[in-house]
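File shown: input15.txt. Contents: compact mmCIF, C-alpha atoms.
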# COMPACT_ATOMS: atom_id res chain seq x y z
CA MET A 19 -2.84 -47.19 13.62
CA ASN A 20 -2.81 -50.68 15.16
CA ILE A 21 -6.15 -52.35 15.62
CA LYS A 22 -6.22 -55.25 18.06
CA ALA A 23 -8.47 -58.19 17.39
CA LYS A 24 -11.37 -58.46 19.76
CA VAL A 25 -10.75 -61.16 22.35
CA HIS A 26 -13.69 -63.31 23.37
CA SER A 27 -14.57 -62.77 27.03
CA CYS A 28 -17.36 -63.77 29.36
CA VAL A 29 -17.94 -62.48 32.88
CA TYR A 30 -19.35 -65.88 33.89
CA CYS A 31 -16.32 -67.77 32.55
CA GLY A 32 -13.93 -65.37 34.27
CA ASN A 33 -10.27 -65.46 33.27
CA ASN A 34 -10.66 -68.86 31.59
CA PRO A 35 -13.30 -68.40 28.88
CA VAL A 36 -14.29 -71.23 26.56
CA ALA A 37 -13.81 -70.59 22.85
CA SER A 38 -17.52 -70.96 22.08
CA HIS A 39 -20.42 -71.38 24.48
CA PHE A 40 -22.49 -73.29 21.94
CA ILE A 41 -19.71 -75.73 20.99
CA HIS A 42 -18.87 -76.27 24.65
CA TRP A 43 -22.57 -76.80 25.47
CA TYR A 44 -22.99 -79.26 22.61
CA PHE A 45 -20.02 -81.48 23.45
CA GLU A 46 -20.50 -81.37 27.23
CA SER A 47 -24.23 -82.14 26.97
CA SER A 48 -23.60 -84.91 24.44
CA ASN A 49 -20.93 -86.34 26.71
CA VAL A 50 -23.42 -86.57 29.59
CA PHE A 51 -26.18 -87.99 27.38
CA PHE A 52 -23.99 -90.76 25.94
CA THR A 53 -22.29 -91.74 29.21
CA PRO A 54 -24.38 -94.93 29.74
CA LEU A 55 -23.74 -96.08 26.16
CA ARG A 56 -20.05 -95.18 26.40
CA GLN A 57 -19.68 -97.19 29.60
CA ILE A 58 -21.08 -100.25 27.82
CA LEU A 59 -18.94 -99.81 24.72
CA LEU A 60 -15.69 -99.04 26.53
CA ASN A 61 -15.92 -101.50 29.39
CA ASN A 62 -16.43 -104.88 27.77
CA SER A 63 -13.91 -107.61 27.08
CA ALA A 64 -13.50 -106.68 23.40
CA SER A 65 -12.79 -103.00 24.07
CA LYS A 66 -10.38 -103.89 26.87
CA LEU A 67 -8.48 -106.18 24.51
CA ILE A 68 -8.31 -103.42 21.89
CA LYS A 69 -6.98 -100.95 24.47
CA LYS A 70 -4.41 -103.49 25.63
CA LEU A 71 -3.19 -104.18 22.09
CA SER A 72 -3.18 -100.45 21.33
CA GLY A 73 -0.91 -99.89 24.34
CA GLU A 74 1.41 -102.77 23.53
CA PHE A 75 1.89 -101.59 19.95
CA ASN A 76 2.05 -97.94 21.03
CA PHE A 77 -0.69 -97.04 18.57
CA SER A 78 -0.74 -93.40 19.73
CA LEU A 79 2.90 -92.97 18.77
CA ARG A 80 2.24 -94.51 15.36
CA LEU A 81 -0.58 -92.01 14.79
CA VAL A 82 1.76 -89.18 15.74
CA ARG A 83 4.35 -90.40 13.27
CA LEU A 84 1.68 -90.59 10.55
CA GLY A 85 0.57 -87.04 11.41
CA GLU A 86 4.14 -85.82 11.13
CA ILE A 87 4.54 -87.45 7.70
CA PHE A 88 1.49 -85.57 6.40
CA GLY A 89 2.51 -82.32 8.08
CA ILE A 90 -0.49 -82.27 10.41
CA LEU A 91 1.55 -82.69 13.60
CA LYS A 92 4.96 -81.55 14.71
CA GLU A 93 6.92 -81.39 17.95
CA GLN A 94 8.38 -78.42 19.76
CA ASN A 95 11.04 -79.05 22.40
CA ASP A 96 11.29 -75.68 24.17
CA ILE A 97 9.71 -75.76 27.62
CA GLN A 98 9.50 -71.96 27.62
CA LEU A 99 7.09 -72.06 24.67
CA CYS A 100 4.67 -74.31 26.55
CA LYS A 101 1.76 -72.23 27.89
CA VAL A 102 0.16 -74.92 30.07
CA THR A 103 1.58 -74.53 33.57
CA ARG A 104 0.46 -78.03 34.56
CA ALA A 105 2.57 -79.45 31.73
CA LYS A 106 5.53 -77.21 32.55
CA VAL A 107 5.96 -78.55 36.10
CA LEU A 108 5.76 -82.08 34.70
CA TRP A 109 8.33 -81.12 32.05
CA GLN A 110 10.69 -79.63 34.64
CA GLU A 111 10.54 -82.81 36.69
CA ALA A 112 11.08 -84.89 33.54
CA GLU A 113 14.33 -83.06 32.82
CA LYS A 114 15.56 -83.90 36.32
CA ARG A 115 14.87 -87.58 35.59
CA ASN A 116 16.65 -87.67 32.24
CA ILE A 117 13.33 -87.84 30.39
CA GLN A 118 12.96 -85.94 27.13
CA MET A 119 9.56 -84.27 26.85
CA SER A 120 8.12 -82.34 23.92
CA GLU A 121 4.83 -80.67 23.07
CA LEU A 122 2.75 -81.74 20.08
CA LEU A 123 1.39 -79.05 17.77
CA LEU A 124 -1.68 -79.61 15.59
CA PHE A 125 -1.39 -77.38 12.51
CA SER A 126 1.24 -75.46 14.52
CA LYS A 127 -1.19 -74.93 17.44
CA PRO A 128 -0.73 -76.53 20.91
CA PHE A 129 -3.55 -78.80 22.11
CA ASP A 130 -2.30 -80.10 25.48
CA CYS A 131 -0.72 -83.29 24.07
CA TYR A 132 2.86 -84.39 24.70
CA ILE A 133 5.50 -87.03 24.02
CA ALA A 134 7.89 -88.30 26.70
CA ARG A 135 10.95 -90.43 25.96
CA LYS A 136 13.40 -92.14 28.23
CA LYS A 137 16.78 -90.91 27.09
CA GLU A 138 18.21 -94.29 28.00
CA PHE A 139 16.66 -97.71 28.43
CA LEU A 140 18.06 -100.75 30.18
CA ILE A 141 18.65 -104.19 28.74
CA SER A 142 19.94 -106.32 31.58
CA ASN A 143 22.86 -104.32 33.01
CA TYR A 144 23.61 -102.45 29.76
CA GLN A 145 22.39 -98.98 28.75
CA PHE A 146 21.72 -97.82 25.21
CA PRO A 147 20.90 -94.25 24.16
CA ILE A 148 17.50 -93.72 22.58
CA ASN A 149 17.76 -92.17 19.15
CA SER A 150 16.22 -92.41 15.70
CA GLN A 151 18.77 -94.96 14.48
CA ILE A 152 18.69 -97.58 17.18
CA PHE A 153 15.36 -99.02 16.06
CA ASN A 154 16.48 -99.08 12.41
CA SER A 155 19.59 -101.16 12.98
CA LYS A 156 20.52 -104.38 14.69
CA LEU A 157 21.75 -104.08 18.24
CA GLU A 158 25.16 -105.51 18.97
CA ILE A 159 24.34 -107.43 22.12
CA PRO A 160 27.28 -108.31 24.38
CA PRO A 161 27.71 -112.09 24.71
CA ASP A 162 27.42 -112.19 28.48
CA PHE A 163 23.66 -111.66 28.69
CA ALA A 164 22.28 -114.20 31.11
CA THR A 165 19.24 -115.26 29.09
CA THR A 166 17.32 -114.48 25.96
CA LYS A 167 14.35 -113.76 28.25
CA SER A 168 16.09 -110.76 29.86
CA LEU A 169 16.89 -109.37 26.41
CA ARG A 170 13.27 -109.75 25.30
CA ALA A 171 12.05 -107.98 28.44
CA GLY A 172 14.43 -105.09 27.77
CA ARG A 173 13.30 -104.69 24.20
CA ASN A 174 9.64 -104.71 25.23
CA GLN A 175 10.15 -102.03 27.85
CA LYS A 176 8.17 -98.95 26.74
CA SER A 177 10.54 -96.06 26.19
CA THR A 178 8.17 -93.53 24.55
CA ILE A 179 4.66 -92.48 25.53
CA VAL A 180 2.13 -90.07 24.05
CA PHE A 181 -0.36 -88.50 26.42
CA SER A 182 -2.92 -85.74 26.76
CA GLY A 183 -2.84 -83.54 29.86
CA LEU A 184 -1.13 -85.95 32.24
CA PRO A 185 0.26 -89.47 31.66
CA ARG A 186 -1.38 -92.53 33.17
CA PRO A 187 -0.06 -96.10 33.45
CA GLN A 188 -0.48 -98.52 30.57
CA ASN A 189 -3.33 -101.07 30.81
CA TYR A 190 -4.76 -99.79 34.10
CA ASN A 191 -8.51 -99.79 34.79
CA ASP A 192 -9.63 -96.44 33.35
CA SER A 193 -13.40 -96.97 33.65
CA ALA A 194 -13.76 -94.08 36.11
CA LEU A 195 -12.74 -91.62 33.38
CA ASN A 196 -16.20 -92.15 31.86
CA TRP A 197 -18.02 -90.57 34.79
CA MET A 198 -15.78 -88.97 37.45
CA ASP A 199 -15.89 -85.45 35.88
CA ASP A 200 -19.69 -85.55 35.86
CA LYS A 201 -20.62 -83.73 39.07
CA TRP A 202 -23.96 -85.53 39.40
CA LEU A 203 -22.63 -89.06 38.83
CA PHE A 204 -19.74 -88.32 41.20
CA LYS A 205 -22.16 -87.03 43.82
CA LYS A 206 -24.37 -90.14 43.58
CA LYS A 207 -21.32 -92.40 43.83
CA LEU A 208 -20.24 -90.75 47.08
CA ILE A 209 -23.77 -90.77 48.49
CA ASP A 210 -23.97 -94.51 47.85
CA ASN A 211 -20.74 -94.92 49.82
CA GLN A 212 -21.77 -92.58 52.66
CA PHE A 213 -19.31 -89.77 52.03
CA PRO A 214 -20.21 -86.16 52.98
CA VAL A 215 -21.67 -84.13 50.10
CA PRO A 216 -23.92 -81.05 50.05
CA LYS A 217 -27.65 -81.75 49.64
CA GLY A 218 -29.06 -81.06 46.22
CA GLY A 219 -29.78 -82.54 42.82
CA CYS A 220 -29.62 -82.26 39.04
CA ALA A 221 -32.16 -80.38 36.91
CA ARG A 222 -32.76 -79.79 33.22
CA ASN A 223 -35.46 -77.12 33.60
CA PHE A 224 -36.79 -74.57 36.08
CA SER A 225 -39.62 -76.84 37.26
CA GLN A 226 -37.13 -79.47 38.42
CA ALA A 227 -34.75 -76.83 39.75
CA ILE A 228 -37.35 -75.18 41.97
CA LYS A 229 -38.27 -78.53 43.57
CA ILE A 230 -34.66 -79.12 44.48
CA PHE A 231 -34.21 -75.51 45.58
CA ASN A 232 -37.21 -75.67 47.94
CA SER A 233 -35.89 -78.86 49.56
CA ILE A 234 -32.47 -77.56 50.63
CA GLU A 235 -31.06 -74.90 52.92
CA LYS A 236 -30.32 -71.45 51.51
CA PRO A 237 -28.24 -69.97 50.08
CA ALA A 238 -27.67 -72.38 47.23
CA ILE A 239 -25.14 -72.74 44.44
CA VAL A 240 -26.10 -73.37 40.81
CA LYS A 241 -23.53 -74.67 38.33
CA PRO A 242 -23.21 -76.64 35.08
CA ARG A 243 -23.23 -80.41 35.51
CA THR A 244 -19.76 -80.62 33.96
CA GLY A 245 -16.82 -78.25 33.68
CA SER A 246 -14.18 -76.72 35.92
CA ARG A 247 -12.67 -73.45 37.16
CA GLY A 248 -16.05 -72.25 38.44
CA ARG A 249 -17.26 -71.30 34.96
CA HIS A 250 -20.91 -70.17 34.96
CA SER A 251 -21.38 -71.00 38.64
CA THR A 252 -23.55 -68.77 40.82
CA ILE A 253 -23.44 -68.71 44.61
CA PHE A 254 -25.57 -66.95 47.24
CA VAL A 255 -28.75 -67.98 45.40
CA SER A 256 -31.53 -67.23 47.88
CA SER A 257 -34.67 -66.46 45.89
CA GLN A 258 -36.63 -67.89 42.97
CA ASP A 259 -35.60 -64.92 40.86
CA ASP A 260 -31.93 -65.59 41.66
CA LEU A 261 -32.47 -69.25 40.82
CA LYS A 262 -34.02 -68.48 37.43
CA LYS A 263 -31.10 -66.24 36.45
CA ALA A 264 -28.49 -68.67 37.80
CA LEU A 265 -30.08 -71.61 35.97
CA LYS A 266 -29.97 -69.73 32.68
CA ILE A 267 -26.29 -68.91 33.22
CA ALA A 268 -25.38 -72.52 34.08
CA LYS A 269 -27.30 -73.98 31.14
CA GLU A 270 -25.23 -71.93 28.70
CA LEU A 271 -22.50 -74.55 29.20
CA ASN A 272 -24.57 -77.70 29.75
CA TYR A 273 -28.14 -78.88 29.24
CA TRP A 274 -28.18 -80.01 32.89
CA ALA A 275 -27.42 -77.97 36.02
CA ILE A 276 -26.60 -78.84 39.62
CA ILE A 277 -28.49 -77.10 42.43
CA GLU A 278 -27.15 -77.74 45.91
CA GLU A 279 -26.56 -76.24 49.33
CA GLN A 280 -23.78 -73.69 49.51
CA LEU A 281 -21.35 -74.98 52.11
CA LYS A 282 -19.37 -72.50 54.19
CA GLY A 283 -15.59 -72.46 54.08
CA PRO A 284 -12.66 -72.38 51.68
CA VAL A 285 -12.41 -74.75 48.72
CA PHE A 286 -9.63 -77.30 49.13
CA ARG A 287 -8.13 -79.19 46.18
CA ALA A 288 -6.92 -82.60 47.38
CA THR A 289 -4.78 -84.22 44.68
CA LEU A 290 -4.11 -87.97 44.80
CA ILE A 291 -1.65 -89.85 42.61
CA ASN A 292 -1.76 -93.65 42.70
CA PHE A 293 -4.04 -93.38 45.76
CA GLU A 294 -1.48 -91.34 47.67
CA LEU A 295 -2.48 -87.91 48.93
CA CYS A 296 0.08 -85.54 47.44
CA GLY A 297 -1.27 -82.07 48.21
CA VAL A 298 -4.12 -80.16 49.85
CA LEU A 299 -4.38 -76.67 48.39
CA ARG A 300 -6.66 -74.08 49.94
CA GLY A 301 -8.26 -71.58 47.57
CA ASP A 302 -9.93 -68.36 48.70
CA PRO A 303 -11.97 -65.86 46.68
CA PRO A 304 -11.06 -62.17 46.61
CA GLN A 305 -12.30 -60.65 49.82
CA VAL A 306 -11.94 -57.64 52.09
CA MET A 307 -12.23 -57.36 55.85
CA GLY A 308 -14.75 -54.84 57.10
CA ASP A 309 -13.64 -52.12 59.54
CA GLY A 310 -17.02 -50.49 60.17
CA ILE A 311 -15.81 -47.24 58.56
CA GLN A 312 -14.77 -47.67 54.95
CA THR A 313 -17.03 -48.75 52.11
CA ILE A 314 -16.36 -52.00 50.26
CA ARG A 315 -15.14 -49.95 47.29
CA GLU A 316 -12.67 -48.08 49.51
CA LEU A 317 -11.46 -51.34 51.05
CA ILE A 318 -10.85 -52.82 47.58
CA ASN A 319 -8.95 -49.70 46.46
CA THR A 320 -6.79 -49.90 49.58
CA LYS A 321 -6.04 -53.57 48.95
CA ASN A 322 -5.23 -52.96 45.28
CA SER A 323 -2.88 -50.11 46.24
CA GLN A 324 -0.74 -52.60 48.19
CA PRO A 325 -0.49 -55.40 45.63
CA HIS A 326 1.28 -58.71 46.04
CA PRO A 327 3.45 -59.45 42.97
CA ASP A 328 1.78 -62.85 42.48
CA VAL A 329 -1.82 -61.69 42.98
CA LYS A 330 -3.90 -59.86 40.40
CA ASP A 331 -5.89 -56.75 41.32
CA ILE A 332 -9.50 -57.17 42.36
CA MET A 333 -11.71 -56.00 39.50
CA MET A 334 -14.82 -53.96 40.30
CA ASP A 335 -17.45 -54.47 37.62
CA GLU A 336 -21.13 -55.24 37.06
CA GLN A 337 -20.57 -58.90 37.87
CA MET A 338 -19.24 -57.95 41.30
CA GLU A 339 -22.21 -55.63 41.84
CA ARG A 340 -24.58 -58.51 41.08
CA PHE A 341 -22.59 -60.82 43.34
CA LEU A 342 -22.73 -58.36 46.24
CA SER A 343 -26.45 -57.71 45.70
CA ARG A 344 -27.20 -61.40 46.40
CA GLN A 345 -25.57 -60.80 49.81
CA GLU A 346 -27.68 -57.63 50.23
CA LEU A 347 -24.56 -55.50 49.82
CA ARG A 348 -23.26 -52.88 47.38
CA LEU A 349 -19.85 -51.41 46.64
CA LEU A 350 -20.93 -48.38 48.67
CA SER A 351 -21.95 -50.51 51.66
CA VAL A 352 -19.92 -50.28 54.87
CA ALA A 353 -19.02 -53.78 56.04
CA GLU A 354 -19.15 -54.53 59.75
CA LYS A 355 -15.88 -54.58 61.60
CA GLY A 356 -14.21 -58.00 61.51
CA VAL A 357 -16.58 -59.39 58.85
CA ALA A 358 -14.95 -60.85 55.73
CA VAL A 359 -16.82 -59.98 52.53
CA ASN A 360 -16.41 -62.32 49.56
CA LEU A 361 -16.32 -60.47 46.24
CA SER A 362 -16.61 -63.21 43.62
CA GLU A 363 -17.59 -66.83 42.92
CA LYS A 364 -14.11 -67.40 41.53
CA ILE A 365 -11.19 -68.37 43.76
CA GLY A 366 -7.43 -68.02 43.58
CA VAL A 367 -4.75 -65.44 42.88
CA ASN A 368 -5.93 -64.80 39.31
CA TYR A 369 -8.99 -63.06 40.74
CA GLY A 370 -7.30 -61.26 43.60
CA GLY A 371 -7.83 -64.15 46.01
CA SER A 372 -5.34 -66.38 47.76
CA SER A 373 -3.95 -69.92 47.81
CA SER A 374 -2.21 -71.92 50.51
CA GLU A 375 -0.73 -75.42 50.54
CA ASP A 376 -2.22 -76.90 53.71
CA TYR A 377 -1.09 -80.52 53.46
CA GLU A 378 1.02 -80.30 56.60
CA ILE A 379 -1.79 -78.93 58.77
CA CYS A 380 -4.50 -81.13 57.27
CA HIS A 381 -6.07 -83.36 59.94
CA GLU A 382 -5.29 -87.07 59.62
CA ASP A 383 -9.02 -87.89 59.48
CA ASN A 384 -9.35 -85.64 56.45
CA LYS A 385 -6.33 -87.19 54.74
CA GLU A 386 -7.79 -90.64 55.32
CA LEU A 387 -11.15 -89.45 53.94
CA PHE A 388 -9.54 -88.25 50.70
CA ILE A 389 -7.69 -91.54 50.24
CA ARG A 390 -10.87 -93.56 50.81
CA ALA A 391 -12.72 -91.40 48.30
CA ALA A 392 -9.99 -91.94 45.70
CA LYS A 393 -10.30 -95.71 46.16
CA VAL A 394 -14.08 -95.49 45.72
CA VAL A 395 -13.60 -93.53 42.49
CA GLY A 396 -10.99 -96.07 41.47
CA ASP A 397 -8.70 -93.95 39.32
CA VAL A 398 -4.95 -93.48 39.85
CA MET A 399 -5.15 -89.71 39.35
CA VAL A 400 -7.85 -87.47 40.78
CA GLY A 401 -8.30 -84.01 42.22
CA PHE A 402 -11.15 -83.51 44.70
CA ASP A 403 -12.74 -80.15 45.45
CA PHE A 404 -13.77 -80.23 49.09
CA ILE A 405 -15.31 -77.49 51.24
CA ILE A 406 -14.70 -77.45 54.98
CA PRO A 407 -14.48 -74.57 57.49
CA ASP A 408 -11.24 -75.78 59.12
CA ILE A 409 -8.98 -78.34 57.38
CA ALA A 410 -6.88 -78.66 60.55
CA LYS A 411 -9.85 -80.24 62.35
CA SER A 412 -11.56 -83.54 61.64
CA TRP A 413 -14.34 -83.50 59.06
CA ARG A 414 -16.49 -85.54 61.44
CA GLY A 415 -17.33 -82.53 63.57
CA GLN A 416 -17.94 -80.04 60.75
CA LYS A 417 -20.49 -79.43 58.01
CA CYS A 418 -18.46 -80.15 54.92
CA GLY A 419 -18.50 -82.10 51.67
CA PHE A 420 -17.04 -83.10 48.32
CA ILE A 421 -18.34 -80.93 45.49
CA GLU A 422 -16.57 -82.39 42.45
CA ALA A 423 -13.78 -84.59 41.12
CA ASN A 424 -11.33 -83.78 38.35
CA SER A 425 -9.64 -86.42 36.20
CA LEU A 426 -7.07 -83.86 35.03
CA PRO A 427 -6.05 -82.00 38.20
CA PHE A 428 -3.97 -78.83 38.04
CA ILE A 429 -0.94 -80.29 39.80
CA ASN A 430 0.96 -77.03 39.25
CA LEU A 431 -1.14 -75.33 41.94
CA HIS A 432 0.65 -77.39 44.59
CA HIS A 433 4.06 -76.43 43.19
CA ASP A 434 3.59 -72.69 43.53
CA PRO A 435 1.12 -71.75 46.28
CA LEU A 436 0.99 -68.19 47.54
CA LEU A 437 1.39 -69.48 51.10
CA GLY A 438 2.55 -72.75 52.64
CA LYS A 439 5.20 -75.28 51.67
CA PRO A 440 5.12 -76.34 47.98
CA ARG A 441 4.49 -80.00 47.14
CA ASP A 442 6.24 -81.75 44.24
CA VAL A 443 3.25 -83.57 42.76
CA ALA A 444 4.89 -83.90 39.32
CA ALA A 445 7.49 -86.22 40.85
CA LYS A 446 4.70 -88.49 42.07
CA VAL A 447 3.31 -88.72 38.52
CA TRP A 448 6.61 -89.98 37.11
CA GLU A 449 7.08 -92.30 40.07
CA MET A 450 3.66 -93.83 39.35
CA LEU A 451 4.91 -94.66 35.83
CA ASN A 452 8.20 -96.05 37.25
CA TRP A 453 10.10 -93.55 35.11

Could you write out this file's structure as structure tokens?
Amino acid sequence: MNIKAKVHSCVYCGNNPVASHFIHWYFESSNVFFTPLRQILLNNSASKLIKKLSGEFNFSLRLVRLGEIFGILKEQNDIQLCKVTRAKVLWQEAEKRNIQMSELLLFSKPFDCYIARKKEFLISNYQFPINSQIFNSKLEIPPDFATTKSLRAGRNQKSTIVFSGLPRPQNYNDSALNWMDDKWLFKKKLIDNQFPVPKGGCARNFSQAIKIFNSIEKPAIVKPRTGSRGRHSTIFVSSQDDLKKALKIAKELNYWAIIEEQLKGPVFRATLINFELCGVLRGDPPQVMGDGIQTIRELINTKNSQPHPDVKDIMMDEQMERFLSRQELRLLSVAEKGVAVNLSEKIGVNYGGSSSEDYEICHEDNKELFIRAAKVVGDVMVGFDFIIPDIAKSWRGQKCGFIEANSLPFINLHHDPLLGKPRDVAAKVWEMLNW
């Protein structure tokens, strides 16, 4: 008899659970607490010099080589074994560009770190293959090189990089990485620069939360101050009792929680690479359309009986019951004809929802807004989550706002939307690096 190991799951994490709530809470809370100190330590002249020297000497690659010597690290070169879809689209684009990419394994386990190598590098007009011997032998340089300077420039050209998640340029200003994933610091930054954001604030206890809650329109949303994928977020919070429960859920992943107005409309992920808008992906939660006859349960069963191959079934469970109850609905309720009923806080095809690449219909005012926001943040790679009723119309005439920024955007979402024309964001990443 085969006994399967119990897999950790959490209804508030959804399909992307963290390994341990306590460990996640500890590191995320510590990260927020030490942000001011980290900004001082990492953004002074000494630290900048260290980072510059580290980049020039490719210190990360030297650490990898040391890890390989001691058997701590090793590389795997099969793209099919890579489980991170974001990395796979980058890998596929790398192969098109004659770039060799491999995944690093720590004690034989992947940890979202990679090595990329140019298969050839240029010295003047001559090409030399990259291999393990070329750096251990003297190069036979043809005599017709114009100058010693061109040779030196060729030798100094970086041909191998080590990166986590997604690669960024060498020696760029990375100060925004210290705060941009913090929803509260991001929100304050945009407020200071007069960008649209939902009203609300940050709280560490119920006393602070209720003051914020009483000062904003209802319903509200409560979520951890840091984190992504909607983990431990609660929407349709309309009462003090709802708030107390939602605050407890959010604080399981961070000491601080965000309480803010719940804006109406889909969530759009605007991804910018090197301050260029590369994609605008619409994400919708699982939902059914009322017909005035069938119950919500019957509507879900009908929808699940006609599945789309790329969309998971809508799961009916206690979490959905609680979600519907905050809208004064139940699974046995009959939704009014023509009324869309949202069934979860989570969005996307993994929850029975939908996705659509809407870059081409995005209003020019909205595109310009995203670019301006990226310049205010100041990082070369950012994904904004933005809520607006109609992306095809200007934001100026709608109630809308930025809700968070992500320093490690899921670029793969733009490559494979359920609807709309795919966008090759991975190509923009390599172009940014001039690879």

| request: To one decimal in Å, tell me the separation between CA of Ile97 in chain A and CA of Thr289 in chain A. | output: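 For CA of Ile97 in chain A relative to CA of Thr289 in chain A, the distance reads 23.9 Å.
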
| note | Students should find that CA of Val240 in chain A and CA of Ala423 in chain A are spaced 16.7 Å

| message | Show me, as an MDAnalysis selection string, the residues that have an atom within 10 Å of Trp109 in chain A when counting all atoms listed in the file, minus same-chain residues fewer than 6 positions from it. | response | chainID A and resid 97 100 103 115 117:121 132 134 444

Within 10 Å of range 76-83 of chain A, counting all atoms listed in the file, which residues qualify if same-chain residues fewer than 6 places away don't, as a CSV table (one decimal) with C-alpha atoms, in the coordinates of the input?
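Full text of out22.csv as output:
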chain,number,residue,atom,x,y,z
A,69,LYS,CA,-7.0,-101.0,24.5
A,70,LYS,CA,-4.4,-103.5,25.6
A,89,GLY,CA,2.5,-82.3,8.1
A,90,ILE,CA,-0.5,-82.3,10.4
A,91,LEU,CA,1.6,-82.7,13.6
A,92,LYS,CA,5.0,-81.6,14.7
A,93,GLU,CA,6.9,-81.4,18.0
A,122,LEU,CA,2.8,-81.7,20.1
A,133,ILE,CA,5.5,-87.0,24.0
A,176,LYS,CA,8.2,-99.0,26.7
A,178,THR,CA,8.2,-93.5,24.6
A,179,ILE,CA,4.7,-92.5,25.5
A,180,VAL,CA,2.1,-90.1,24.0
A,181,PHE,CA,-0.4,-88.5,26.4
A,188,GLN,CA,-0.5,-98.5,30.6

Kindly compute an axis-aligned box around the listed atoms of range 365-379 of chain A, allowing 5 Å on each side, and express its centre and edge lengths in Å to one decimal as AutoDock Vina command-line options.
--center_x -5.1 --center_y -70.9 --center_z 49.0 --size_x 22.2 --size_y 29.3 --size_z 29.5

| request: Quote the spacing between CA of Ile379 in chain A and CA of Ile409 in chain A in Å to one decimal place. | output: 7.3 Å

Per residue of range 174-243 of chain A within 12 Å of range 381-390 of chain A, note the shortest atom pair and the distance in Å to one decimal, counting all atoms listed in the file, and order the rows by chain and increasing residue number, as JSON lines.
{"residue": "A:Leu208", "atom": "CA", "partner": "A:Arg390", "partner_atom": "CA", "distance": 10.5}
{"residue": "A:Asn211", "atom": "CA", "partner": "A:Arg390", "partner_atom": "CA", "distance": 10.0}
{"residue": "A:Gln212", "atom": "CA", "partner": "A:Arg390", "partner_atom": "CA", "distance": 11.1}
{"residue": "A:Phe213", "atom": "CA", "partner": "A:Leu387", "partner_atom": "CA", "distance": 8.4}
{"residue": "A:Pro214", "atom": "CA", "partner": "A:Leu387", "partner_atom": "CA", "distance": 9.7}

| query | Of the candidates A:Glu113, A:Asp434, A:Asp331, A:Glu354, which shows the shortest atom-to-atom distance to Ser373 in chain A, using only C-alpha atoms? | reply | A:Asp434

| task | Can you work out which one of A:Gln57, A:Ser246, A:Gln345, A:Gln324 has the shortest atom-to-atom distance to Pro427 in chain A, counting only C-alpha atoms? | result |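 The shortest atom-to-atom distance to Pro427 in chain A comes from A:Ser246.
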